[in-house]
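> Below is the file target-v4.tsv, which contains TSV, C-alpha atoms and all ligand atoms.
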```tsv
chain	number	residue	atom	x	y	z
U	1	MET	CA	-33.62	-46.36	70.84
U	2	ASP	CA	-30.54	-44.65	72.15
U	3	PHE	CA	-29.35	-41.47	70.49
U	4	GLU	CA	-26.24	-42.92	68.85
U	5	LYS	CA	-28.27	-45.70	67.25
U	6	ILE	CA	-30.89	-43.29	65.94
U	7	VAL	CA	-28.29	-41.00	64.41
U	8	LYS	CA	-26.47	-43.87	62.74
U	9	LYS	CA	-29.60	-45.58	61.49
U	10	ARG	CA	-31.18	-42.48	59.95
U	11	ARG	CA	-30.79	-42.54	56.19
U	12	SER	CA	-32.74	-41.06	53.32
U	13	TYR	CA	-35.55	-43.51	52.71
U	14	LYS	CA	-37.18	-43.36	49.28
U	15	GLU	CA	-39.13	-46.62	49.12
U	16	PHE	CA	-42.06	-47.24	51.37
U	17	LYS	CA	-44.43	-50.00	52.39
U	18	ASP	CA	-48.11	-49.70	51.58
U	19	ARG	CA	-48.88	-48.93	55.20
U	20	GLU	CA	-50.49	-45.90	56.74
U	21	VAL	CA	-48.49	-43.57	58.96
U	22	GLU	CA	-50.68	-43.05	62.02
U	23	LEU	CA	-51.47	-39.45	62.96
U	24	GLU	CA	-50.81	-40.32	66.63
U	25	LYS	CA	-47.22	-41.13	65.70
U	26	LEU	CA	-46.87	-37.83	63.89
U	27	GLU	CA	-48.27	-36.01	66.91
U	28	LYS	CA	-45.54	-37.59	69.05
U	29	ILE	CA	-42.91	-36.64	66.48
U	30	PHE	CA	-44.08	-33.03	66.26
U	31	LYS	CA	-44.13	-32.74	70.05
U	32	LEU	CA	-40.44	-33.69	70.10
U	33	THR	CA	-39.75	-31.39	67.16
U	34	THR	CA	-40.90	-28.38	69.17
U	35	GLU	CA	-37.92	-29.00	71.49
U	36	ALA	CA	-35.63	-27.72	68.71
U	37	PRO	CA	-33.88	-24.44	69.47
U	38	THR	CA	-34.73	-21.37	67.37
U	39	ALA	CA	-33.45	-17.80	67.55
U	40	PHE	CA	-35.10	-16.05	70.51
U	41	ASN	CA	-37.22	-19.23	70.81
U	42	LEU	CA	-39.58	-17.73	68.21
U	43	GLN	CA	-40.50	-21.05	66.55
U	44	ALA	CA	-41.63	-19.37	63.34
U	45	TYR	CA	-42.37	-22.54	61.40
U	46	THR	CA	-45.13	-25.07	60.79
U	47	PHE	CA	-45.36	-28.50	59.26
U	48	LYS	CA	-48.23	-29.25	56.86
U	49	VAL	CA	-49.19	-32.89	56.67
U	50	LEU	CA	-50.30	-33.62	53.11
U	51	GLU	CA	-52.59	-36.61	53.30
U	52	SER	CA	-55.36	-36.22	50.72
U	53	GLU	CA	-54.67	-37.38	47.17
U	54	GLU	CA	-55.07	-33.81	45.99
U	55	ALA	CA	-52.60	-32.36	48.50
U	56	ILE	CA	-50.03	-35.06	47.77
U	57	GLU	CA	-50.43	-34.39	44.06
U	58	SER	CA	-49.65	-30.71	44.69
U	59	ALA	CA	-46.30	-31.68	46.17
U	60	VAL	CA	-45.55	-34.27	43.47
U	61	ASP	CA	-46.39	-31.78	40.70
U	62	SER	CA	-44.12	-29.18	42.25
U	63	ALA	CA	-41.14	-31.55	42.38
U	64	ILE	CA	-38.34	-31.76	39.82
U	65	PRO	CA	-38.53	-34.94	37.67
U	66	GLU	CA	-35.84	-36.84	39.60
U	67	ASN	CA	-37.93	-36.50	42.75
U	68	GLU	CA	-40.93	-38.28	41.25
U	69	TRP	CA	-40.37	-41.08	43.78
U	70	ILE	CA	-41.99	-38.92	46.46
U	71	LYS	CA	-45.39	-40.02	45.08
U	72	ASP	CA	-44.86	-43.43	46.76
U	73	ALA	CA	-44.83	-42.00	50.28
U	74	ASP	CA	-47.87	-42.48	52.48
U	75	LYS	CA	-47.86	-38.79	53.39
U	76	ILE	CA	-45.78	-35.79	52.42
U	77	ILE	CA	-44.87	-33.23	55.01
U	78	LEU	CA	-44.13	-29.68	54.01
U	79	LEU	CA	-42.08	-27.53	56.35
U	80	VAL	CA	-42.80	-23.83	55.98
U	81	GLY	CA	-41.10	-20.87	57.57
U	82	ASP	CA	-43.19	-17.92	58.75
U	83	GLU	CA	-41.82	-14.76	57.14
U	84	ARG	CA	-43.52	-12.60	59.74
U	85	ILE	CA	-40.97	-14.03	62.22
U	86	ASP	CA	-42.56	-12.33	65.26
U	87	THR	CA	-45.80	-14.37	65.32
U	88	ASN	CA	-45.07	-15.94	68.72
U	89	LEU	CA	-43.20	-12.97	70.16
U	90	ASP	CA	-45.70	-12.00	72.87
U	91	THR	CA	-45.87	-15.56	74.21
U	92	VAL	CA	-42.08	-15.83	74.12
U	93	LEU	CA	-41.58	-12.58	76.04
U	94	GLU	CA	-44.23	-13.43	78.62
U	95	ASP	CA	-42.51	-16.77	79.20
U	96	LEU	CA	-39.04	-15.22	79.50
U	97	LEU	CA	-40.27	-12.61	81.97
U	98	GLU	CA	-42.25	-15.08	84.05
U	99	LYS	CA	-39.26	-17.40	84.36
U	100	ASP	CA	-36.81	-14.58	85.03
U	101	PHE	CA	-34.70	-15.18	81.94
U	102	VAL	CA	-34.88	-11.44	81.18
U	103	ASP	CA	-35.91	-8.20	82.90
U	104	GLU	CA	-38.50	-5.70	81.59
U	105	ASN	CA	-35.87	-3.54	79.83
U	106	THR	CA	-34.40	-6.48	77.95
U	107	ALA	CA	-37.90	-7.65	76.99
U	108	THR	CA	-38.71	-4.20	75.59
U	109	ASP	CA	-35.45	-4.22	73.65
U	110	TYR	CA	-36.18	-7.69	72.23
U	111	LYS	CA	-39.66	-6.59	71.21
U	112	GLU	CA	-38.38	-3.57	69.27
U	113	ARG	CA	-35.69	-5.55	67.50
U	114	ILE	CA	-37.83	-8.51	66.58
U	115	THR	CA	-40.90	-6.62	65.37
U	116	GLY	CA	-38.48	-4.76	63.07
U	117	TYR	CA	-37.65	-8.06	61.35
U	118	ARG	CA	-40.94	-7.88	59.43
U	119	ASP	CA	-39.60	-4.94	57.44
U	120	ARG	CA	-36.22	-6.47	56.64
U	121	ASP	CA	-35.34	-7.46	53.09
U	122	ASN	CA	-35.65	-10.81	51.40
U	123	LEU	CA	-31.99	-11.71	51.90
U	124	PHE	CA	-32.28	-11.27	55.66
U	125	LYS	CA	-35.49	-13.28	55.80
U	126	THR	CA	-34.05	-16.07	53.66
U	127	GLY	CA	-31.06	-16.45	55.99
U	128	TRP	CA	-33.19	-16.18	59.11
U	129	LEU	CA	-35.77	-18.71	57.94
U	130	ASN	CA	-33.15	-21.15	56.66
U	131	ARG	CA	-31.38	-21.18	60.00
U	132	ASN	CA	-34.59	-21.44	61.94
U	133	THR	CA	-36.21	-24.23	59.97
U	134	MET	CA	-33.17	-26.50	59.51
U	135	ILE	CA	-32.73	-27.32	63.19
U	136	PRO	CA	-36.42	-28.25	63.67
U	137	ALA	CA	-36.09	-30.26	60.44
U	138	THR	CA	-33.24	-32.23	61.99
U	139	PHE	CA	-35.16	-32.91	65.19
U	140	PHE	CA	-38.10	-34.00	63.04
U	141	MET	CA	-36.02	-36.49	61.00
U	142	LEU	CA	-34.45	-38.04	64.08
U	143	ALA	CA	-37.84	-38.29	65.80
U	144	CYS	CA	-39.19	-40.09	62.69
U	145	GLU	CA	-36.32	-42.56	62.88
U	146	ASN	CA	-37.07	-43.13	66.54
U	147	GLU	CA	-40.64	-44.10	65.58
U	148	GLY	CA	-39.49	-46.51	62.86
U	149	LEU	CA	-40.56	-44.15	60.07
U	150	GLY	CA	-38.48	-43.40	57.02
U	151	THR	CA	-38.15	-40.00	55.42
U	152	CYS	CA	-35.78	-37.91	53.32
U	153	PRO	CA	-35.30	-34.15	53.21
U	154	VAL	CA	-36.23	-32.92	49.73
U	155	ARG	CA	-35.49	-29.47	48.36
U	156	GLY	CA	-35.92	-30.19	44.66
U	157	PHE	CA	-39.34	-28.62	44.17
U	158	SER	CA	-40.77	-25.28	43.12
U	159	ASN	CA	-41.85	-22.92	45.90
U	160	GLU	CA	-44.11	-21.08	43.47
U	161	LYS	CA	-45.90	-24.21	42.31
U	162	ILE	CA	-46.51	-25.71	45.74
U	163	SER	CA	-47.54	-22.37	47.24
U	164	GLU	CA	-50.05	-21.83	44.50
U	165	SER	CA	-51.63	-25.26	44.53
U	166	LEU	CA	-51.85	-25.47	48.33
U	167	GLU	CA	-52.98	-21.84	48.50
U	168	LEU	CA	-50.35	-20.92	51.06
U	169	GLU	CA	-50.45	-17.51	52.70
U	170	ASP	CA	-47.96	-15.03	51.30
U	171	TRP	CA	-45.92	-15.20	54.53
U	172	GLU	CA	-45.62	-18.98	54.37
U	173	ARG	CA	-42.29	-19.86	52.75
U	174	PRO	CA	-41.76	-23.53	51.79
U	175	SER	CA	-38.49	-24.83	53.16
U	176	LEU	CA	-38.28	-28.61	52.70
U	177	ILE	CA	-40.60	-31.49	51.98
U	178	PHE	CA	-40.42	-34.82	53.75
U	179	PRO	CA	-42.05	-37.81	52.06
U	180	ILE	CA	-42.77	-40.18	54.93
U	181	GLY	CA	-43.72	-43.83	55.36
U	182	TYR	CA	-42.71	-47.19	56.74
U	183	PRO	CA	-39.46	-48.05	54.94
U	184	GLU	CA	-39.56	-50.88	52.41
U	185	LYS	CA	-36.13	-52.01	53.60
U	186	ASP	CA	-35.14	-51.57	57.17
U	187	GLU	CA	-31.53	-50.67	56.46
U	188	ARG	CA	-30.02	-48.59	53.65
U	189	PRO	CA	-26.33	-48.56	52.75
U	190	HIS	CA	-24.34	-46.10	54.74
U	191	LYS	CA	-23.01	-43.41	52.40
U	192	TRP	CA	-19.48	-42.04	52.65
U	193	ARG	CA	-18.95	-39.65	55.50
U	194	ARG	CA	-15.94	-37.55	56.39
U	195	ASP	CA	-13.92	-38.67	59.40
U	196	GLY	CA	-14.88	-36.99	62.63
U	197	GLU	CA	-11.32	-35.66	63.04
U	198	GLU	CA	-11.59	-33.94	59.69
U	199	ILE	CA	-14.52	-31.73	60.57
U	200	PHE	CA	-13.11	-29.85	63.52
U	201	GLU	CA	-10.00	-27.97	64.48
U	202	VAL	CA	-8.91	-26.85	67.89
U	203	LEU	CA	-7.67	-23.24	67.87
U	301	LIG	C1	-31.14	-29.64	52.22
U	301	LIG	C2	-31.25	-31.00	51.59
U	301	LIG	C3	-31.90	-31.13	50.37
U	301	LIG	C4	-32.04	-32.40	49.79
U	301	LIG	N1	-32.77	-32.51	48.63
U	301	LIG	C5	-32.97	-33.73	48.08
U	301	LIG	C6	-33.76	-33.88	46.91
U	301	LIG	O1	-34.28	-32.92	46.33
U	301	LIG	N2	-33.95	-35.14	46.43
U	301	LIG	C7	-33.40	-36.26	47.03
U	301	LIG	O2	-33.62	-37.37	46.54
U	301	LIG	N3	-32.65	-36.14	48.15
U	301	LIG	C8	-32.41	-34.91	48.69
U	301	LIG	N4	-31.67	-34.78	49.84
U	301	LIG	C9	-31.11	-36.00	50.50
U	301	LIG	C10	-29.59	-36.09	50.37
U	301	LIG	O3	-29.22	-36.43	49.07
U	301	LIG	C11	-29.08	-37.13	51.40
U	301	LIG	O4	-29.42	-36.70	52.68
U	301	LIG	C12	-27.55	-37.31	51.31
U	301	LIG	O5	-27.19	-37.89	50.08
U	301	LIG	C13	-27.02	-38.20	52.45
U	301	LIG	O6	-27.67	-39.45	52.44
U	301	LIG	P1	-28.38	-40.02	53.74
U	301	LIG	O7	-29.47	-39.03	54.11
U	301	LIG	O8	-28.97	-41.34	53.34
U	301	LIG	O9	-27.36	-40.13	54.80
U	301	LIG	C14	-31.49	-33.54	50.43
U	301	LIG	C15	-30.84	-33.38	51.66
U	301	LIG	C16	-30.73	-32.14	52.25
U	301	LIG	C17	-30.06	-32.03	53.59
```
Represent the structure contained in this file as structure tokens.

Amino acid sequence: MDFEKIVKKRRSYKEFKDREVELEKLEKIFKLTTEAPTAFNLQAYTFKVLESEEAIESAVDSAIPENEWIKDADKIILLVGDERIDTNLDTVLEDLLEKDFVDENTATDYKERITGYRDRDNLFKTGWLNRNTMIPATFFMLACENEGLGTCPVRGFSNEKISESLELEDWERPSLIFPIGYPEKDERPHKWRRDGEEIFEVL
């Protein structure tokens, strides 16, 4: 599908067919998701595919009542940010040096700055993780649409509840959940959107 079609067709799908979402499709989707940009290319996020009844129940139980519909999805995908932030730093720096994006001095400077992020406060980490999970989330949703899968970003759930029942590590911060499946109806009504001219100004 071409990009314009994918963007226009993507809607929040909340009703799904009783059909399994193949793991091979998800693998393709996650491969495309890794193309999303992140600050310093650190990619401090992971997606957890909740497939077992028990895991899906953990997500459903953590959701606010109006999000009960998520139980009808074939799988539920939980996007988590990595509060350590610098997990992939060595690989990132090696790559940047090898491809001449930076010199040794810049790499040393990056390393000092980024390892310091671990000790920053909660407000900093919240902002950092929000920014650095939302763009991968967007790539993920568009890649789902491209594969004919329906999903919807869902934030109405308790981080505490889902972290406890899935036994997440203390550095794993839930960001969004994505119930996923083959849509019951192919098209959903297009909700109101602002005009393109309204959302930018030329200074
Ligand atoms: C950050 C975020 C959180 C959202 N949380 C929920 C949610 O908890 N429950 C829900 O049903 N939809 C949720 N949505 C879906 C929005 O309501 C939906 O994207 C919006 O109404 C536009 O509709 P569309 O996606 O069909 O274009 C969320 C969307 C975003 C971006």
> Every residue with an atom at most 12 Å from (-42.5, -48.2, 49.2) (file coordinates; all atoms listed in the file) is what I'm after, so could you write them as a compact mmCIF listing (two decimals) with C-alpha atoms, in the coordinates of the input?

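Output file selection_37.txt follows:
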```
# COMPACT_ATOMS: atom_id res chain seq x y z
CA TYR U 13 -35.55 -43.51 52.71
CA LYS U 14 -37.18 -43.36 49.28
CA GLU U 15 -39.13 -46.62 49.12
CA PHE U 16 -42.06 -47.24 51.37
CA LYS U 17 -44.43 -50.00 52.39
CA ASP U 18 -48.11 -49.70 51.58
CA ARG U 19 -48.88 -48.93 55.20
CA GLU U 20 -50.49 -45.90 56.74
CA TRP U 69 -40.37 -41.08 43.78
CA ILE U 70 -41.99 -38.92 46.46
CA LYS U 71 -45.39 -40.02 45.08
CA ASP U 72 -44.86 -43.43 46.76
CA ALA U 73 -44.83 -42.00 50.28
CA ASP U 74 -47.87 -42.48 52.48
CA LYS U 75 -47.86 -38.79 53.39
CA LEU U 149 -40.56 -44.15 60.07
CA GLY U 150 -38.48 -43.40 57.02
CA THR U 151 -38.15 -40.00 55.42
CA PRO U 179 -42.05 -37.81 52.06
CA ILE U 180 -42.77 -40.18 54.93
CA GLY U 181 -43.72 -43.83 55.36
CA TYR U 182 -42.71 -47.19 56.74
CA PRO U 183 -39.46 -48.05 54.94
CA GLU U 184 -39.56 -50.88 52.41
CA LYS U 185 -36.13 -52.01 53.60
CA ASP U 186 -35.14 -51.57 57.17
```
> So that I can check the surroundings of Glu83 (chain U), please list as a list in words every protein, DNA and RNA residue that reaches within 7 Å of it, counting only C-alpha atoms and ignoring chain neighbours fewer than 3 positions away.
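Result of the neighbour search: Lys125, Trp171, Glu172 and Arg173 of chain U.
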> Can those selected residues be exported to a file as a PDB file, keeping the file's coordinate frame so that it contains C-alpha atoms?

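Resulting contents of again_37.pdb:
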```pdb
ATOM      1  CA  LYS U 125     -35.490 -13.280  55.800  1.00  0.00           C
ATOM      2  CA  TRP U 171     -45.920 -15.200  54.530  1.00  0.00           C
ATOM      3  CA  GLU U 172     -45.620 -18.980  54.370  1.00  0.00           C
ATOM      4  CA  ARG U 173     -42.290 -19.860  52.750  1.00  0.00           C
TER       5      ARG U 173
END
```
> Between U:Asp170, U:Glu94, U:Asp103, U:Asp82, single out the one closest to Asn130 (chain U), counting only C-alpha atoms.
U:Asp82
> If you count all atoms listed in the file, which residues end up within 10 Å of ligand LIG 301 (chain U), as number ranges by chain?
U: 7-14, 63-70, 130, 134, 137-138, 141, 151-157, 175-178, 188-193
> Might you pull out every residue within 9 Å of region 28-36 of chain U, with only C-alpha atoms counted and same-chain residues fewer than 5 positions away left off, and present them as an MDAnalysis selection string?
chainID U and resid 23 41 43 47 135:144 146:147
> Using all atoms listed in the file, which of U:Asp86, U:Asp100, U:Glu27, U:Glu4 sits nearest Phe40 (chain U)?
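Among U:Asp86, U:Asp100, U:Glu27, U:Glu4, it is U:Asp86 that comes nearest to Phe40 (chain U).
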> Give me, please, the distance in Å between CA of Ile85 (chain U) and CA of Ala44 (chain U), quoted to one decimal.
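One can read the CA of Ile85 (chain U) to CA of Ala44 (chain U) distance as 5.5 Å.
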> Would you mind telling me which residue in U:Val21, U:Leu79, U:Leu42, U:Val202 lies nearest to Leu96 (chain U) when using only C-alpha atoms?
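Ranked by minimum distance to Leu96 (chain U), first place goes to U:Leu42.
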> N, CA, C and O atoms are what I want for region 134-155 of chain U; can you complete it accordingly and write them as a PDB file, in the coordinates of the input?

```pdb
ATOM      1  N   MET U 134     -34.019 -25.316  59.678  1.00  0.00           N
ATOM      2  CA  MET U 134     -33.170 -26.500  59.510  1.00  0.00           C
ATOM      3  C   MET U 134     -32.982 -27.281  60.821  1.00  0.00           C
ATOM      4  O   MET U 134     -32.878 -28.506  60.797  1.00  0.00           O
ATOM      5  N   ILE U 135     -32.928 -26.574  61.926  1.00  0.00           N
ATOM      6  CA  ILE U 135     -32.730 -27.320  63.190  1.00  0.00           C
ATOM      7  C   ILE U 135     -34.014 -28.080  63.563  1.00  0.00           C
ATOM      8  O   ILE U 135     -33.956 -29.283  63.836  1.00  0.00           O
ATOM      9  N   PRO U 136     -35.200 -27.441  63.488  1.00  0.00           N
ATOM     10  CA  PRO U 136     -36.420 -28.250  63.670  1.00  0.00           C
ATOM     11  C   PRO U 136     -36.504 -29.406  62.670  1.00  0.00           C
ATOM     12  O   PRO U 136     -36.941 -30.506  63.019  1.00  0.00           O
ATOM     13  N   ALA U 137     -36.058 -29.179  61.445  1.00  0.00           N
ATOM     14  CA  ALA U 137     -36.090 -30.260  60.440  1.00  0.00           C
ATOM     15  C   ALA U 137     -35.255 -31.444  60.911  1.00  0.00           C
ATOM     16  O   ALA U 137     -35.653 -32.604  60.746  1.00  0.00           O
ATOM     17  N   THR U 138     -34.122 -31.160  61.500  1.00  0.00           N
ATOM     18  CA  THR U 138     -33.240 -32.230  61.990  1.00  0.00           C
ATOM     19  C   THR U 138     -33.882 -32.990  63.147  1.00  0.00           C
ATOM     20  O   THR U 138     -33.869 -34.229  63.178  1.00  0.00           O
ATOM     21  N   PHE U 139     -34.453 -32.241  64.082  1.00  0.00           N
ATOM     22  CA  PHE U 139     -35.160 -32.910  65.190  1.00  0.00           C
ATOM     23  C   PHE U 139     -36.266 -33.797  64.636  1.00  0.00           C
ATOM     24  O   PHE U 139     -36.476 -34.927  65.078  1.00  0.00           O
ATOM     25  N   PHE U 140     -36.990 -33.256  63.643  1.00  0.00           N
ATOM     26  CA  PHE U 140     -38.100 -34.000  63.040  1.00  0.00           C
ATOM     27  C   PHE U 140     -37.610 -35.320  62.441  1.00  0.00           C
ATOM     28  O   PHE U 140     -38.183 -36.382  62.699  1.00  0.00           O
ATOM     29  N   MET U 141     -36.512 -35.268  61.662  1.00  0.00           N
ATOM     30  CA  MET U 141     -36.020 -36.490  61.000  1.00  0.00           C
ATOM     31  C   MET U 141     -35.575 -37.531  62.024  1.00  0.00           C
ATOM     32  O   MET U 141     -35.837 -38.724  61.859  1.00  0.00           O
ATOM     33  N   LEU U 142     -34.914 -37.084  63.072  1.00  0.00           N
ATOM     34  CA  LEU U 142     -34.450 -38.040  64.080  1.00  0.00           C
ATOM     35  C   LEU U 142     -35.636 -38.614  64.864  1.00  0.00           C
ATOM     36  O   LEU U 142     -35.648 -39.796  65.208  1.00  0.00           O
ATOM     37  N   ALA U 143     -36.643 -37.785  65.099  1.00  0.00           N
ATOM     38  CA  ALA U 143     -37.840 -38.290  65.800  1.00  0.00           C
ATOM     39  C   ALA U 143     -38.574 -39.309  64.918  1.00  0.00           C
ATOM     40  O   ALA U 143     -39.108 -40.299  65.426  1.00  0.00           O
ATOM     41  N   CYS U 144     -38.574 -39.097  63.599  1.00  0.00           N
ATOM     42  CA  CYS U 144     -39.190 -40.090  62.690  1.00  0.00           C
ATOM     43  C   CYS U 144     -38.443 -41.411  62.815  1.00  0.00           C
ATOM     44  O   CYS U 144     -39.057 -42.478  62.932  1.00  0.00           O
ATOM     45  N   GLU U 145     -37.127 -41.338  62.780  1.00  0.00           N
ATOM     46  CA  GLU U 145     -36.320 -42.560  62.880  1.00  0.00           C
ATOM     47  C   GLU U 145     -36.634 -43.293  64.180  1.00  0.00           C
ATOM     48  O   GLU U 145     -36.775 -44.512  64.204  1.00  0.00           O
ATOM     49  N   ASN U 146     -36.773 -42.541  65.228  1.00  0.00           N
ATOM     50  CA  ASN U 146     -37.070 -43.130  66.540  1.00  0.00           C
ATOM     51  C   ASN U 146     -38.405 -43.874  66.543  1.00  0.00           C
ATOM     52  O   ASN U 146     -38.612 -44.801  67.319  1.00  0.00           O
ATOM     53  N   GLU U 147     -39.312 -43.456  65.664  1.00  0.00           N
ATOM     54  CA  GLU U 147     -40.640 -44.100  65.580  1.00  0.00           C
ATOM     55  C   GLU U 147     -40.684 -45.168  64.495  1.00  0.00           C
ATOM     56  O   GLU U 147     -41.756 -45.662  64.144  1.00  0.00           O
ATOM     57  N   GLY U 148     -39.525 -45.482  63.902  1.00  0.00           N
ATOM     58  CA  GLY U 148     -39.490 -46.510  62.860  1.00  0.00           C
ATOM     59  C   GLY U 148     -40.013 -46.036  61.516  1.00  0.00           C
ATOM     60  O   GLY U 148     -40.351 -46.845  60.649  1.00  0.00           O
ATOM     61  N   LEU U 149     -40.079 -44.704  61.345  1.00  0.00           N
ATOM     62  CA  LEU U 149     -40.560 -44.150  60.070  1.00  0.00           C
ATOM     63  C   LEU U 149     -39.388 -43.685  59.228  1.00  0.00           C
ATOM     64  O   LEU U 149     -38.392 -43.182  59.751  1.00  0.00           O
ATOM     65  N   GLY U 150     -39.534 -43.839  57.921  1.00  0.00           N
ATOM     66  CA  GLY U 150     -38.480 -43.400  57.020  1.00  0.00           C
ATOM     67  C   GLY U 150     -38.881 -42.110  56.332  1.00  0.00           C
ATOM     68  O   GLY U 150     -40.048 -41.892  56.005  1.00  0.00           O
ATOM     69  N   THR U 151     -37.898 -41.240  56.130  1.00  0.00           N
ATOM     70  CA  THR U 151     -38.150 -40.000  55.420  1.00  0.00           C
ATOM     71  C   THR U 151     -36.874 -39.547  54.722  1.00  0.00           C
ATOM     72  O   THR U 151     -35.829 -40.208  54.823  1.00  0.00           O
ATOM     73  N   CYS U 152     -36.948 -38.452  54.011  1.00  0.00           N
ATOM     74  CA  CYS U 152     -35.780 -37.910  53.320  1.00  0.00           C
ATOM     75  C   CYS U 152     -36.043 -36.420  53.121  1.00  0.00           C
ATOM     76  O   CYS U 152     -37.143 -36.045  52.686  1.00  0.00           O
ATOM     77  N   PRO U 153     -35.076 -35.577  53.460  1.00  0.00           N
ATOM     78  CA  PRO U 153     -35.300 -34.150  53.210  1.00  0.00           C
ATOM     79  C   PRO U 153     -35.231 -33.899  51.711  1.00  0.00           C
ATOM     80  O   PRO U 153     -34.310 -34.372  51.061  1.00  0.00           O
ATOM     81  N   VAL U 154     -36.193 -33.169  51.179  1.00  0.00           N
ATOM     82  CA  VAL U 154     -36.230 -32.920  49.730  1.00  0.00           C
ATOM     83  C   VAL U 154     -36.372 -31.420  49.472  1.00  0.00           C
ATOM     84  O   VAL U 154     -37.317 -30.789  49.950  1.00  0.00           O
ATOM     85  N   ARG U 155     -35.419 -30.897  48.703  1.00  0.00           N
ATOM     86  CA  ARG U 155     -35.490 -29.470  48.360  1.00  0.00           C
ATOM     87  C   ARG U 155     -35.787 -29.265  46.870  1.00  0.00           C
ATOM     88  O   ARG U 155     -36.068 -28.132  46.450  1.00  0.00           O
TER      89      ARG U 155
END
```
